[in-house]
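The block underneath contains the structure these notes are about, expressed in structure tokens.
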Amino acid sequence: MVELFEQTADEVIGKGTNNPTCSERTAKRWRAGGVNPASLSPDTRRVLEAMFGHRVVDLFAPPPQPDPHAPAFDLEHEIEMTARDAHEDASAMAAASISDTSLDQLTDDVMTLAREYASIAPIQAFQRGRALQSQLQDLRDRTQVPAQQQRLLVLLGQTMALLAASAFDLGAFDSARRLARSADLYGETSRFEPLRAYSDGILAYIAYFTGMPSEAVAKARRAQTYGGLGDVARRRLLAIEARAHGYQGNTESAHRAIRLSEEVDSGTSDELHDGVGGEFGFTAERLAMSSSSTALLIHDPAQAERSARKALDLIRQRPAEKRSAHVLGGAAADLAMARLFAGDVEGAAEALQPLWDIPADQRVTGVLARTGQIQHFLTQPSFRGAVLPGELRSRVEEFTRTATAHQLTGPALLQLEA
């Protein structure tokens with residue numbers, strides 16, 4: 001301050017020996033406020049006013065005294081207001097939550113749909129899934145509780161995955177792809193990796209059935225890199241990968257993937273494929289059916305027949321109301337195709353008997369793709385003019401034509417004879 005005072009004095013008054021001065025002791029006294037402005041010389045007042053931009057009388061004015069009539073600080077009132085604000089905030093948060101009972105019920109509803117999926121028509125599964133999606137989204141808009149939000153994200157992801165599966169079974173591939181990606185996003189947001197793996201598996205199926213086996217392999221392999229997967233999840237993904245290799249004609253990789261899918265036995269499980277199960281699971285008969293389809297793709301009819309027979313034997317051990325029309329129809333069609341490869345038309349006709357009992361609304365994409373292969377195979381010149389192949393071809397054609405899924409889009413046709 002002393003140096004600043006002297007510089008300001010030179011600027012205001014001009015350099016000279018008679019300029020006012022300021023010592024450290026004087027500066028401390030000024031800071032303490034113990035100064036009578038009238039005792040300062042006119043030049044000192046000018047310098048101080050230039051330094052601080054205020055009149056000297058204001059600079060050394062005593063501090064304002066509290067108003068004796070002002071109310072004293074009320075600590076009790078402050079505590080009361082703080083408690084009231086906290087209660088109102090907590091009440092608002094409680095109002096922005098939902099009943100855990102409602103969440104429990106919707107959790108049960110999603111699980112029930114997954115477990116009943118195989119025994120109901122895909123259009124019915126889609127309608128039930130759509131209603132669940134609406135309820136879950138409504139609850140999500142009504143809660144701000146993080147734990148409830150997390151739980152709803154997982155349930156919405158599972159519901160989207162079931163919607164994707166039903167759209168695929170109905171032949172609506174573009175919608176199924178969009179729904180599967182939505183399920184994957186819910187899995188990513190909720191950090192629920194088994195859901196992401198399942199969603200990638202659906203995307204791999206769609207790629208396979210739309211003639212993009214390389215993409216199917218890539219999707220199935222990426223899905224296997226997610227953490228927290230149990231044996232069922234890995235078995236499913238390896239079976240999908242095997243089918244895609246078979247479509248590519250990569251016999252060695254297809255055989256390897258089939259073998260690995262049958263050898264998975266680490267004893268691990270996860271909350272989706274095992275905990276919820278149903279459509280998220282992958283039963284032994286479904287694995288056998290998938291293996292029979294892969295065997296057909298790599299031109300191994302003997303292996304195809306063995307796997308298809310195994311699938312049919314396993315599914316017949318279940319109660320009629322618990323049998324999957326998808327697996328039953330798929331295995332029957334694979335068995336018929338394997339026999340056609342061996343030139344056994346009568347055996348093929350016998351194998352197809354379970355197929356004719358499948359209701360039109362349960363003739364899903366996988367079954368229709370297989371019957372499409374049979375229909376195409378029976379158009380070969382060697383079968384022309386023969387009665388049984390002609391009758392069989394006509395019956396398969398009618399089966400496909402009257403299917404509900406066929407009304408959305410024609411089933412994919414995977415060429416087996418090439």
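Scheme for the structure tokens: letters A, B, ... for chains in order shown; per-chain residue numbers from 1; ligand numbers from 1 in order shown.
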Sorted by chain and rising residue number, list the residues of range 224-290 of chain A at most 9 Å from range 331-347 of chain A (counting only C-alpha atoms), each with its closest atom pair and distance in Å to one decimal, as a Markdown table.
| residue | atom | partner | partner_atom | distance |
| --- | --- | --- | --- | --- |
| A:Glu285 | CA | A:Ala331 | CA | 8.8 |
| A:Arg286 | CA | A:Ala331 | CA | 8.7 |
| A:Ala288 | CA | A:Ala331 | CA | 8.3 |
| A:Met289 | CA | A:Ala331 | CA | 5.2 |
| A:Ser290 | CA | A:Ala331 | CA | 8.4 |
Could you list, as a list in words, every residue within 10 Å of Gln149 in chain A, counting only C-alpha atoms and ignoring same-chain residues fewer than 6 positions away?
Ser97, Leu139, Arg140, Asp141, Arg142, Thr143, Leu155 and Ser190 of chain A
Selected residues written out with all heavy atoms, as a PDB file, in the first residue's frame:
ATOM      1  N   SER A  97     -42.800 -42.855  -7.358  1.00  0.00           N
ATOM      2  CA  SER A  97     -42.442 -44.259  -7.361  1.00  0.00           C
ATOM      3  C   SER A  97     -43.685 -45.089  -7.654  1.00  0.00           C
ATOM      4  O   SER A  97     -44.791 -44.569  -7.720  1.00  0.00           O
ATOM      5  CB  SER A  97     -41.836 -44.674  -6.014  1.00  0.00           C
ATOM      6  OG  SER A  97     -42.816 -44.604  -4.993  1.00  0.00           O
ATOM      7  N   LEU A 139     -45.342 -47.571 -16.515  1.00  0.00           N
ATOM      8  CA  LEU A 139     -44.742 -47.561 -15.182  1.00  0.00           C
ATOM      9  C   LEU A 139     -43.395 -46.858 -15.192  1.00  0.00           C
ATOM     10  O   LEU A 139     -43.043 -46.164 -14.228  1.00  0.00           O
ATOM     11  CB  LEU A 139     -44.585 -48.988 -14.665  1.00  0.00           C
ATOM     12  CG  LEU A 139     -45.873 -49.734 -14.295  1.00  0.00           C
ATOM     13  CD1 LEU A 139     -45.532 -51.112 -13.751  1.00  0.00           C
ATOM     14  CD2 LEU A 139     -46.676 -48.953 -13.260  1.00  0.00           C
ATOM     15  N   ARG A 140     -42.652 -47.023 -16.248  1.00  0.00           N
ATOM     16  CA  ARG A 140     -41.345 -46.375 -16.320  1.00  0.00           C
ATOM     17  C   ARG A 140     -41.485 -44.854 -16.314  1.00  0.00           C
ATOM     18  O   ARG A 140     -40.647 -44.143 -15.758  1.00  0.00           O
ATOM     19  CB  ARG A 140     -40.603 -46.832 -17.573  1.00  0.00           C
ATOM     20  CG  ARG A 140     -39.150 -46.388 -17.597  1.00  0.00           C
ATOM     21  CD  ARG A 140     -38.460 -46.820 -18.861  1.00  0.00           C
ATOM     22  NE  ARG A 140     -37.145 -46.209 -18.923  1.00  0.00           N
ATOM     23  CZ  ARG A 140     -36.481 -45.963 -20.037  1.00  0.00           C
ATOM     24  NH1 ARG A 140     -37.011 -46.316 -21.195  1.00  0.00           N
ATOM     25  NH2 ARG A 140     -35.301 -45.412 -20.025  1.00  0.00           N
ATOM     26  N   ASP A 141     -42.538 -44.346 -16.923  1.00  0.00           N
ATOM     27  CA  ASP A 141     -42.780 -42.900 -16.933  1.00  0.00           C
ATOM     28  C   ASP A 141     -43.208 -42.387 -15.567  1.00  0.00           C
ATOM     29  O   ASP A 141     -43.121 -41.181 -15.300  1.00  0.00           O
ATOM     30  CB  ASP A 141     -43.861 -42.551 -17.957  1.00  0.00           C
ATOM     31  CG  ASP A 141     -43.399 -42.764 -19.395  1.00  0.00           C
ATOM     32  OD1 ASP A 141     -42.171 -42.785 -19.617  1.00  0.00           O
ATOM     33  OD2 ASP A 141     -44.248 -42.925 -20.274  1.00  0.00           O
ATOM     34  N   ARG A 142     -43.651 -43.282 -14.688  1.00  0.00           N
ATOM     35  CA  ARG A 142     -44.212 -42.857 -13.404  1.00  0.00           C
ATOM     36  C   ARG A 142     -43.247 -42.978 -12.232  1.00  0.00           C
ATOM     37  O   ARG A 142     -43.562 -42.548 -11.134  1.00  0.00           O
ATOM     38  CB  ARG A 142     -45.476 -43.671 -13.106  1.00  0.00           C
ATOM     39  CG  ARG A 142     -46.661 -43.298 -13.972  1.00  0.00           C
ATOM     40  CD  ARG A 142     -47.750 -44.359 -13.929  1.00  0.00           C
ATOM     41  NE  ARG A 142     -48.045 -44.789 -12.567  1.00  0.00           N
ATOM     42  CZ  ARG A 142     -48.751 -45.874 -12.277  1.00  0.00           C
ATOM     43  NH1 ARG A 142     -49.208 -46.638 -13.258  1.00  0.00           N
ATOM     44  NH2 ARG A 142     -49.000 -46.194 -11.025  1.00  0.00           N
ATOM     45  N   THR A 143     -42.096 -43.580 -12.447  1.00  0.00           N
ATOM     46  CA  THR A 143     -41.161 -43.753 -11.332  1.00  0.00           C
ATOM     47  C   THR A 143     -39.837 -43.058 -11.600  1.00  0.00           C
ATOM     48  O   THR A 143     -39.382 -42.985 -12.742  1.00  0.00           O
ATOM     49  CB  THR A 143     -40.902 -45.240 -11.037  1.00  0.00           C
ATOM     50  OG1 THR A 143     -40.043 -45.346  -9.894  1.00  0.00           O
ATOM     51  CG2 THR A 143     -40.243 -45.938 -12.218  1.00  0.00           C
ATOM     52  N   LEU A 155     -37.018 -55.718 -17.737  1.00  0.00           N
ATOM     53  CA  LEU A 155     -38.292 -56.310 -18.154  1.00  0.00           C
ATOM     54  C   LEU A 155     -38.694 -55.842 -19.549  1.00  0.00           C
ATOM     55  O   LEU A 155     -39.203 -56.631 -20.361  1.00  0.00           O
ATOM     56  CB  LEU A 155     -39.388 -55.960 -17.147  1.00  0.00           C
ATOM     57  CG  LEU A 155     -39.282 -56.651 -15.782  1.00  0.00           C
ATOM     58  CD1 LEU A 155     -40.327 -56.095 -14.821  1.00  0.00           C
ATOM     59  CD2 LEU A 155     -39.439 -58.158 -15.925  1.00  0.00           C
ATOM     60  N   SER A 190     -29.172 -51.391 -19.285  1.00  0.00           N
ATOM     61  CA  SER A 190     -29.321 -51.998 -17.958  1.00  0.00           C
ATOM     62  C   SER A 190     -28.113 -52.834 -17.551  1.00  0.00           C
ATOM     63  O   SER A 190     -28.108 -53.411 -16.463  1.00  0.00           O
ATOM     64  CB  SER A 190     -30.580 -52.870 -17.928  1.00  0.00           C
ATOM     65  OG  SER A 190     -30.489 -53.937 -18.868  1.00  0.00           O
TER      66      SER A 190
END
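Distances here use only C-alpha atoms; by that measure, the residue among A:Tyr205, A:Glu188, A:Gln158, A:Lys219 closest to Phe173 in chain A is A:Tyr205.
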Filtered DSSP result for range 119-341 of chain A, state alpha helix (DSSP H), as a VMD selection string:
chain A and resid 122 to 142 146 to 169 173 to 190 193 to 209 213 to 223 231 to 248 251 to 263 284 to 297 301 to 315 325 to 341
Hey, what's within 10 Å of Arg181 in chain A if we count only C-alpha atoms and toss same-chain stuff fewer than 6 positions away? As number ranges by chain, please?
A: 157, 160-161, 164, 175, 187, 196, 199-200, 202-203
With N, CA, C and O atoms retained, could you export that selection as a JSON list (two decimals), in the first residue's frame?
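This went into part-v3.json:
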[["chain", "number", "residue", "atom", "x", "y", "z"],
["A", 157, "GLY", "N", -36.62, -54.96, -21.88],
["A", 157, "GLY", "CA", -35.72, -55.64, -22.80],
["A", 157, "GLY", "C", -36.15, -57.07, -23.07],
["A", 157, "GLY", "O", -36.14, -57.53, -24.22],
["A", 160, "MET", "N", -39.20, -56.92, -25.32],
["A", 160, "MET", "CA", -38.82, -56.60, -26.71],
["A", 160, "MET", "C", -38.23, -57.83, -27.40],
["A", 160, "MET", "O", -38.47, -58.07, -28.58],
["A", 161, "ALA", "N", -37.46, -58.61, -26.66],
["A", 161, "ALA", "CA", -36.87, -59.81, -27.24],
["A", 161, "ALA", "C", -37.95, -60.82, -27.61],
["A", 161, "ALA", "O", -37.87, -61.46, -28.67],
["A", 164, "ALA", "N", -39.58, -59.61, -30.68],
["A", 164, "ALA", "CA", -38.71, -59.88, -31.83],
["A", 164, "ALA", "C", -38.84, -61.33, -32.27],
["A", 164, "ALA", "O", -38.91, -61.63, -33.46],
["A", 175, "SER", "N", -39.16, -55.99, -39.07],
["A", 175, "SER", "CA", -39.65, -55.61, -37.75],
["A", 175, "SER", "C", -38.94, -56.41, -36.66],
["A", 175, "SER", "O", -38.62, -55.87, -35.59],
["A", 187, "GLY", "N", -30.71, -54.06, -23.03],
["A", 187, "GLY", "CA", -29.70, -54.85, -22.35],
["A", 187, "GLY", "C", -28.43, -54.05, -22.09],
["A", 187, "GLY", "O", -27.82, -54.16, -21.02],
["A", 196, "ARG", "N", -28.35, -59.13, -24.09],
["A", 196, "ARG", "CA", -27.65, -58.72, -25.31],
["A", 196, "ARG", "C", -27.25, -59.95, -26.14],
["A", 196, "ARG", "O", -27.35, -59.93, -27.37],
["A", 199, "SER", "N", -30.36, -61.29, -27.85],
["A", 199, "SER", "CA", -30.75, -60.41, -28.95],
["A", 199, "SER", "C", -29.85, -60.59, -30.16],
["A", 199, "SER", "O", -30.33, -60.63, -31.30],
["A", 200, "ASP", "N", -28.56, -60.72, -29.93],
["A", 200, "ASP", "CA", -27.64, -60.98, -31.04],
["A", 200, "ASP", "C", -27.94, -62.33, -31.69],
["A", 200, "ASP", "O", -27.77, -62.50, -32.91],
["A", 202, "ILE", "N", -30.92, -63.63, -32.04],
["A", 202, "ILE", "CA", -32.06, -63.40, -32.94],
["A", 202, "ILE", "C", -31.58, -62.73, -34.23],
["A", 202, "ILE", "O", -31.99, -63.10, -35.34],
["A", 203, "LEU", "N", -30.71, -61.75, -34.08],
["A", 203, "LEU", "CA", -30.18, -61.06, -35.27],
["A", 203, "LEU", "C", -29.41, -62.05, -36.16],
["A", 203, "LEU", "O", -29.45, -61.95, -37.39]]
Please provide as a PyMOL selection string all residues within 9 Å of Ser261 in chain A, with the sequence filter that same-chain residues fewer than 3 positions apart are discarded (counting only C-alpha atoms).
chain A and resi 234-239+242+256-258+264+287
Would you mind listing what lies within 12 Å of range 6-15 of chain A as a PyMOL selection string, with only C-alpha atoms counted and same-chain residues fewer than 6 positions away left out?
chain A and resi 21-23+42-52
With C-alpha atoms retained, export the selected residues as an mmCIF file, in the first residue's frame.
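Ended up saving to result_31.cif:
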data_model
loop_
_atom_site.group_PDB
_atom_site.id
_atom_site.type_symbol
_atom_site.label_atom_id
_atom_site.label_comp_id
_atom_site.auth_asym_id
_atom_site.auth_seq_id
_atom_site.Cartn_x
_atom_site.Cartn_y
_atom_site.Cartn_z
ATOM 1 C CA THR A 21 3.841 10.233 2.418
ATOM 2 C CA CYS A 22 2.579 7.027 3.987
ATOM 3 C CA SER A 23 4.522 4.630 6.241
ATOM 4 C CA PRO A 42 -5.983 18.000 1.785
ATOM 5 C CA ASP A 43 -3.300 16.348 -0.399
ATOM 6 C CA THR A 44 -3.515 13.074 1.571
ATOM 7 C CA ARG A 45 -7.286 13.051 1.152
ATOM 8 C CA ARG A 46 -6.907 13.629 -2.616
ATOM 9 C CA VAL A 47 -4.464 10.710 -2.917
ATOM 10 C CA LEU A 48 -6.645 8.314 -0.920
ATOM 11 C CA GLU A 49 -9.753 9.249 -2.866
ATOM 12 C CA ALA A 50 -7.860 8.630 -6.151
ATOM 13 C CA MET A 51 -6.633 5.283 -4.899
ATOM 14 C CA PHE A 52 -10.002 3.879 -3.759
#
In Å to one decimal, how far is CA of Glu116 in chain A from CA of Leu153 in chain A?
22.0 Å
Residues within 12 Å of Gln380 in chain A, only C-alpha atoms, excluding chain neighbours under 3 positions, as number ranges by chain:
A: 340-341, 343, 373-377, 383-386, 389-390, 393, 417
Which of these residues is nearest to Arg25 in chain A, using only C-alpha atoms: A:Val2, A:Leu352, A:Ala325, A:Val217?
A:Val2
Within 10 Å of Arg323 in chain A using only C-alpha atoms, minus same-chain residues under 6 positions, as a tab-separated table (two decimals) with N, CA, C and O atoms, in the first residue's frame:
chain	number	residue	atom	x	y	z
A	118	ALA	N	-43.74	-71.38	-26.53
A	118	ALA	CA	-43.63	-72.50	-27.47
A	118	ALA	C	-44.96	-73.18	-27.75
A	118	ALA	O	-45.12	-73.83	-28.78
A	119	SER	N	-45.93	-73.01	-26.84
A	119	SER	CA	-47.19	-73.74	-26.99
A	119	SER	C	-48.35	-72.85	-27.45
A	119	SER	O	-49.48	-73.31	-27.50
A	120	ILE	N	-48.07	-71.59	-27.79
A	120	ILE	CA	-49.12	-70.70	-28.28
A	120	ILE	C	-48.74	-70.18	-29.65
A	120	ILE	O	-47.59	-70.29	-30.09
A	314	LEU	N	-37.46	-86.89	-27.96
A	314	LEU	CA	-37.44	-86.04	-26.76
A	314	LEU	C	-38.74	-85.25	-26.61
A	314	LEU	O	-39.29	-85.15	-25.51
A	315	ILE	N	-39.22	-84.69	-27.71
A	315	ILE	CA	-40.41	-83.86	-27.59
A	315	ILE	C	-41.65	-84.69	-27.29
A	315	ILE	O	-42.60	-84.22	-26.64
A	316	ARG	N	-41.68	-85.94	-27.74
A	316	ARG	CA	-42.83	-86.80	-27.44
A	316	ARG	C	-42.89	-87.22	-25.98
A	316	ARG	O	-43.92	-87.72	-25.50
A	317	GLN	N	-41.79	-86.98	-25.26
A	317	GLN	CA	-41.79	-87.28	-23.82
A	317	GLN	C	-42.47	-86.18	-23.01
A	317	GLN	O	-42.75	-86.36	-21.83
List as JSON lines every residue of range 176-284 of chain A that is in contact with range 293-308 of chain A, defined as an atom at most 8 Å from one of its atoms (using only C-alpha atoms), together with the nearest atom pair and the distance in Å rounded to one decimal, sorted by chain and then rising number.
{"residue": "A:Ala242", "atom": "CA", "partner": "A:Thr294", "partner_atom": "CA", "distance": 6.4}
{"residue": "A:Arg243", "atom": "CA", "partner": "A:Thr294", "partner_atom": "CA", "distance": 4.8}
{"residue": "A:Gly246", "atom": "CA", "partner": "A:Leu297", "partner_atom": "CA", "distance": 5.1}
{"residue": "A:Tyr247", "atom": "CA", "partner": "A:Leu297", "partner_atom": "CA", "distance": 5.8}
{"residue": "A:Gly249", "atom": "CA", "partner": "A:Ile298", "partner_atom": "CA", "distance": 6.1}
{"residue": "A:Asn250", "atom": "CA", "partner": "A:Ile298", "partner_atom": "CA", "distance": 7.6}
{"residue": "A:Thr251", "atom": "CA", "partner": "A:Ile298", "partner_atom": "CA", "distance": 5.8}
{"residue": "A:Ala254", "atom": "CA", "partner": "A:Thr294", "partner_atom": "CA", "distance": 7.2}
